[in-house]
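Structure first, then comments.
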Amino acid sequence: MTRFLYDDYDLTPLGDVTHRTSQAEKGGIEISFASDLRYLDVIQVVSDSITRMLNFDDDTRYWVGMSVRESVTNAILHGNKMDEEKRVWVRFAIDADRLVIYVRDQGAGFDVSKLPNPLDPKNLLRPSGRGIFYIRTFMDDVRYSQLDEGGMEVRMEKRLNNRVKSDQEGEANAN
Amino acid sequence: MRIDTRTIDGITILDVHGRITIGEGSVEMRNKLRELLQAGKKDILLNLGDVSYVDSSGIGELVSCYTTVTNQGGRLKLLHLTKKVQELLAITKLLTVFESYEDEKKAIASFSE
């Protein structure tokens, strides 16, 4: 696994942070950037920081990070067609019981229902077409929509029951 | 990404280091395979033990390597899959396509079976 130097950021897990984010999906963190694959690592560090802050277990953090990476790759490559004039937006919203991640591009969009099934024997040896399948496997709910103002948005959620209980929470429960 | 090449008992072992992701490593792997196939080295063991990260493009790249080698009458097998790569291959039913090994000696011996 790629090593991100969390220790350099001093991101102490916050325990149960959900009560501090009553704005739910309206709030959170939004980042936008030009359509350049070099930003994938940046966005993955952000994803890993947030899932660490939320005390997700290691595997969940890894797979959420990969889902974000795959979605951003799709937005840059297939949505914005690598046009650096076009931007990608990623928003992480912490709801009461879930982390919701939105990835939006400025592309023409596509019909998700028409994507070939990568598990179909005739597609098994295709060199591409697995990204969205992985995202759907690793996230709890995934929805694609074409926006009225143009562009495509994927909304991915991961429920917070994938978290490791922090000591703080354990003590709180014991009391 | 870096690829080191070794040969044991006529089998070419490619030790892959680093990431196999979008925009990283695909050219190196393709060039290396082309070079080997042109030289008539068709039994290839891809050691992924030191691969730190693979995304869906990387999985696609492994599939491309597999089809390139088999289409030329060669054999490509995998060695030392990390837990995450194994999971990615399993989810997309590719563990049924690739022959993979945990032990290098057994992997090499399998080419003479």
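Residues in the structure tokens are numbered from 1 in each chain, the chains being A, B, ... in the order shown, and ligands are numbered from 1 in the order shown.
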Open item on the list: Show me, as a PyMOL selection string, every residue of chain A with an atom at most 12 Å from chain B, counting only C-alpha atoms.
Closed with: chain A and resi 1-4+36-38+40-41+58-60+62-63+65-74+76-77+117-121+123-138
- [ ] Skip B:Thr12 itself and residues of its chain fewer than 2 positions away, then list as an MDAnalysis selection string all residues within 9 Å of it, counting only C-alpha atoms.
- [x] chainID B and resid 5:10 14 36 41:46
Task: Sel. of strand (DSSP E or B) residues, stretch 2-71 of chain B, as JSON, numbers by chain - done: {"B": [2, 3, 4, 5, 6, 7, 8, 11, 12, 13, 14, 15, 16, 17, 18, 19, 20, 21, 24, 43, 44, 45, 46, 47, 48, 49, 50, 51, 52, 53, 54]}
Open item on the list: Taking only stretch 61-171 of chain A into account, list the residues labelled helix (DSSP H, G or I) by DSSP (computed from the backbone), as a PyMOL selection string.
Closed with: chain A and resi 61-79+112-114+121-123+131-138+160-162+167-171
Task: 10 Å contact set for B:Ser110, only C-alpha atoms, chain neighbours under 3 positions out, as number ranges by chain - done: B: 77, 99, 101, 104-107, 113
Would you export the selected residues with C-alpha atoms as a tab-separated table (two decimals), in the first residue's frame, please?
```
chain	number	residue	atom	x	y	z
B	77	LYS	CA	2.14	-16.51	-13.85
B	99	GLU	CA	-2.11	-18.91	-11.99
B	101	TYR	CA	1.95	-18.78	-6.31
B	104	GLU	CA	8.98	-18.97	-5.85
B	105	LYS	CA	10.44	-22.48	-6.14
B	106	LYS	CA	7.00	-23.99	-6.61
B	107	ALA	CA	6.15	-21.31	-9.15
B	113	GLU	CA	4.84	-29.68	-15.11
```
- [ ] For atom CA of B:Asn47 and atom CA of B:Met29, determine how far apart the two atoms are, in Å to one decimal place.
- [x] 12.2 Å
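Interatomic distance, atom CA of A:Ile94 to atom CA of A:Glu149: 24.7 Å.
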Open item on the list: At a cut-off of 7 Å, using only C-alpha atoms, what residues contact A:Ala34? Leave out same-chain residues fewer than 6 positions from it and give the result as a list of chain:residue names.
Closed with: A:Glu84, A:Glu85, A:Lys86, A:Arg87, A:Val88
Hey, can you spit out that residue selection with C-alpha atoms as a PDB file, in the first residue's frame?
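The new file selection-v2.pdb reads:
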```pdb
ATOM      1  CA  GLU A  84      -6.997  20.884 -17.852  1.00  0.00           C
ATOM      2  CA  GLU A  85      -9.381  23.786 -18.351  1.00  0.00           C
ATOM      3  CA  LYS A  86     -12.071  21.613 -16.819  1.00  0.00           C
ATOM      4  CA  ARG A  87     -12.218  21.000 -13.094  1.00  0.00           C
ATOM      5  CA  VAL A  88     -13.089  18.178 -10.757  1.00  0.00           C
TER       6      VAL A  88
END
```
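With atom CA of B:Gly73 on one side and atom CA of B:Glu87 on the other, the separation reads 27.9 Å.
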What's the 12 Å shell around stretch 100-103 of chain A, counting only C-alpha atoms, without same-chain residues fewer than 6 positions away, as a short mmCIF file (atom, residue, chain, number, x, y, z; two decimals) with N, CA and C atoms, in the first residue's frame?
```cif
data_model
loop_
_atom_site.label_atom_id
_atom_site.label_comp_id
_atom_site.auth_asym_id
_atom_site.auth_seq_id
_atom_site.Cartn_x
_atom_site.Cartn_y
_atom_site.Cartn_z
N ALA A 24 -24.67 18.07 8.52
CA ALA A 24 -24.77 16.84 7.71
C ALA A 24 -24.20 17.05 6.33
N GLU A 25 -24.93 16.63 5.31
CA GLU A 25 -24.35 16.62 3.97
C GLU A 25 -24.11 18.01 3.40
N LYS A 26 -24.66 19.01 4.04
CA LYS A 26 -24.42 20.37 3.53
C LYS A 26 -22.99 20.81 3.83
N GLY A 27 -22.44 20.24 4.87
CA GLY A 27 -21.13 20.70 5.32
C GLY A 27 -20.01 19.86 4.75
N GLY A 28 -18.95 19.74 5.50
CA GLY A 28 -17.83 18.91 5.06
C GLY A 28 -16.73 19.72 4.39
N ILE A 29 -15.99 19.01 3.58
CA ILE A 29 -14.82 19.61 2.95
C ILE A 29 -14.96 19.48 1.44
N GLU A 30 -14.72 20.53 0.73
CA GLU A 30 -14.75 20.42 -0.74
C GLU A 30 -13.42 20.90 -1.30
N ILE A 31 -12.96 20.14 -2.27
CA ILE A 31 -11.69 20.46 -2.92
C ILE A 31 -11.96 20.47 -4.42
N SER A 32 -11.40 21.43 -5.11
CA SER A 32 -11.51 21.36 -6.57
C SER A 32 -10.13 21.51 -7.18
N PHE A 33 -9.96 20.90 -8.33
CA PHE A 33 -8.63 20.91 -8.95
C PHE A 33 -8.77 20.70 -10.46
N ILE A 43 -5.58 13.98 -3.42
CA ILE A 43 -6.95 13.71 -2.99
C ILE A 43 -7.00 12.43 -2.15
N VAL A 46 -6.15 13.29 1.36
CA VAL A 46 -7.29 13.92 2.03
C VAL A 46 -8.29 12.84 2.47
N SER A 47 -8.58 11.93 1.55
CA SER A 47 -9.51 10.84 1.87
C SER A 47 -9.00 10.04 3.08
N ILE A 50 -9.41 11.93 6.34
CA ILE A 50 -10.79 12.00 6.83
C ILE A 50 -11.25 10.65 7.39
N THR A 51 -10.94 9.58 6.67
CA THR A 51 -11.39 8.27 7.17
C THR A 51 -10.62 7.89 8.44
N VAL A 64 -12.05 2.80 0.75
CA VAL A 64 -12.68 4.10 0.48
C VAL A 64 -11.71 4.96 -0.33
N GLY A 65 -10.43 4.95 0.09
CA GLY A 65 -9.42 5.72 -0.64
C GLY A 65 -9.33 5.29 -2.09
N SER A 67 -11.72 3.88 -3.83
CA SER A 67 -12.96 4.28 -4.52
C SER A 67 -12.90 5.75 -4.92
N VAL A 68 -12.36 6.58 -4.03
CA VAL A 68 -12.21 8.00 -4.35
C VAL A 68 -11.26 8.16 -5.53
N ARG A 69 -10.16 7.45 -5.45
CA ARG A 69 -9.16 7.50 -6.52
C ARG A 69 -9.74 7.08 -7.87
N GLU A 70 -10.51 6.00 -7.86
CA GLU A 70 -11.12 5.50 -9.10
C GLU A 70 -12.13 6.52 -9.64
N SER A 71 -12.90 7.11 -8.75
CA SER A 71 -13.92 8.09 -9.19
C SER A 71 -13.26 9.32 -9.78
N VAL A 72 -12.20 9.77 -9.12
CA VAL A 72 -11.51 10.96 -9.62
C VAL A 72 -10.81 10.64 -10.95
N THR A 73 -10.25 9.46 -11.06
CA THR A 73 -9.64 9.04 -12.33
C THR A 73 -10.69 9.08 -13.45
N ASN A 74 -11.87 8.53 -13.16
CA ASN A 74 -12.94 8.54 -14.17
C ASN A 74 -13.33 9.96 -14.54
N ALA A 75 -13.41 10.83 -13.53
CA ALA A 75 -13.82 12.22 -13.78
C ALA A 75 -12.79 12.91 -14.68
N ILE A 76 -11.52 12.68 -14.40
CA ILE A 76 -10.46 13.34 -15.17
C ILE A 76 -10.36 12.75 -16.59
N GLY A 79 -14.66 11.80 -17.94
CA GLY A 79 -15.55 12.96 -17.85
C GLY A 79 -14.93 14.16 -18.55
N ARG A 87 -12.57 21.31 -14.48
CA ARG A 87 -12.22 21.00 -13.09
C ARG A 87 -12.98 19.79 -12.57
N VAL A 88 -12.44 19.28 -11.48
CA VAL A 88 -13.09 18.18 -10.76
C VAL A 88 -13.31 18.67 -9.33
N TRP A 89 -14.49 18.37 -8.78
CA TRP A 89 -14.79 18.73 -7.40
C TRP A 89 -14.96 17.45 -6.58
N VAL A 90 -14.37 17.43 -5.43
CA VAL A 90 -14.58 16.30 -4.52
C VAL A 90 -15.04 16.87 -3.18
N ARG A 91 -16.15 16.34 -2.70
CA ARG A 91 -16.68 16.83 -1.42
C ARG A 91 -16.85 15.66 -0.46
N PHE A 92 -16.35 15.83 0.73
CA PHE A 92 -16.50 14.82 1.77
C PHE A 92 -17.48 15.40 2.79
N ALA A 93 -18.61 14.75 2.98
CA ALA A 93 -19.60 15.24 3.94
C ALA A 93 -19.79 14.19 5.01
N ILE A 94 -19.70 14.63 6.25
CA ILE A 94 -19.85 13.68 7.35
C ILE A 94 -21.27 13.82 7.90
N ILE A 135 -15.74 0.30 -7.19
CA ILE A 135 -16.35 1.32 -6.33
C ILE A 135 -17.64 0.78 -5.73
N MET A 139 -18.03 0.50 -1.63
CA MET A 139 -18.85 1.51 -0.95
C MET A 139 -20.24 0.93 -0.68
N ASP A 140 -20.93 1.50 0.31
CA ASP A 140 -22.23 0.95 0.69
C ASP A 140 -23.35 1.38 -0.26
N ASP A 141 -23.22 2.55 -0.84
CA ASP A 141 -24.24 3.01 -1.78
C ASP A 141 -23.56 3.93 -2.79
N VAL A 142 -23.85 3.71 -4.07
CA VAL A 142 -23.21 4.51 -5.11
C VAL A 142 -24.28 4.95 -6.12
N ARG A 143 -24.34 6.24 -6.37
CA ARG A 143 -25.33 6.74 -7.34
C ARG A 143 -24.68 7.72 -8.29
N TYR A 144 -25.05 7.60 -9.55
CA TYR A 144 -24.53 8.52 -10.57
C TYR A 144 -25.67 9.40 -11.05
N SER A 145 -25.38 10.67 -11.22
CA SER A 145 -26.43 11.52 -11.79
C SER A 145 -25.81 12.57 -12.71
N GLN A 146 -26.60 12.90 -13.73
CA GLN A 146 -26.18 13.98 -14.62
C GLN A 146 -26.79 15.26 -14.07
N LEU A 147 -25.97 16.27 -13.93
CA LEU A 147 -26.42 17.49 -13.28
C LEU A 147 -27.07 18.43 -14.29
N GLY A 151 -22.30 18.27 -16.49
CA GLY A 151 -21.36 17.46 -15.71
C GLY A 151 -22.03 16.25 -15.07
N MET A 152 -21.19 15.38 -14.58
CA MET A 152 -21.67 14.13 -13.97
C MET A 152 -21.21 14.12 -12.51
N GLU A 153 -22.05 13.57 -11.67
CA GLU A 153 -21.67 13.48 -10.25
C GLU A 153 -21.89 12.07 -9.76
N VAL A 154 -20.90 11.58 -9.03
CA VAL A 154 -21.10 10.30 -8.34
C VAL A 154 -21.19 10.61 -6.85
N ARG A 155 -22.18 9.98 -6.22
CA ARG A 155 -22.35 10.12 -4.77
C ARG A 155 -22.09 8.73 -4.17
N MET A 156 -21.10 8.67 -3.30
CA MET A 156 -20.73 7.38 -2.70
C MET A 156 -20.85 7.49 -1.20
N GLU A 157 -21.44 6.51 -0.57
CA GLU A 157 -21.47 6.62 0.89
C GLU A 157 -20.90 5.39 1.56
N LYS A 158 -20.32 5.66 2.72
CA LYS A 158 -19.81 4.57 3.55
C LYS A 158 -20.36 4.79 4.94
N ARG A 159 -21.04 3.79 5.45
CA ARG A 159 -21.64 3.96 6.77
C ARG A 159 -20.58 3.88 7.85
N LEU A 160 -20.84 4.59 8.93
CA LEU A 160 -19.83 4.71 9.98
C LEU A 160 -19.73 3.47 10.87
#
```
Task: Nearest residue to A:Ala108 from the set A:Asn55, A:Ser49, A:Ala96, A:Asn80 (distances using only C-alpha atoms) - done: A:Asn80
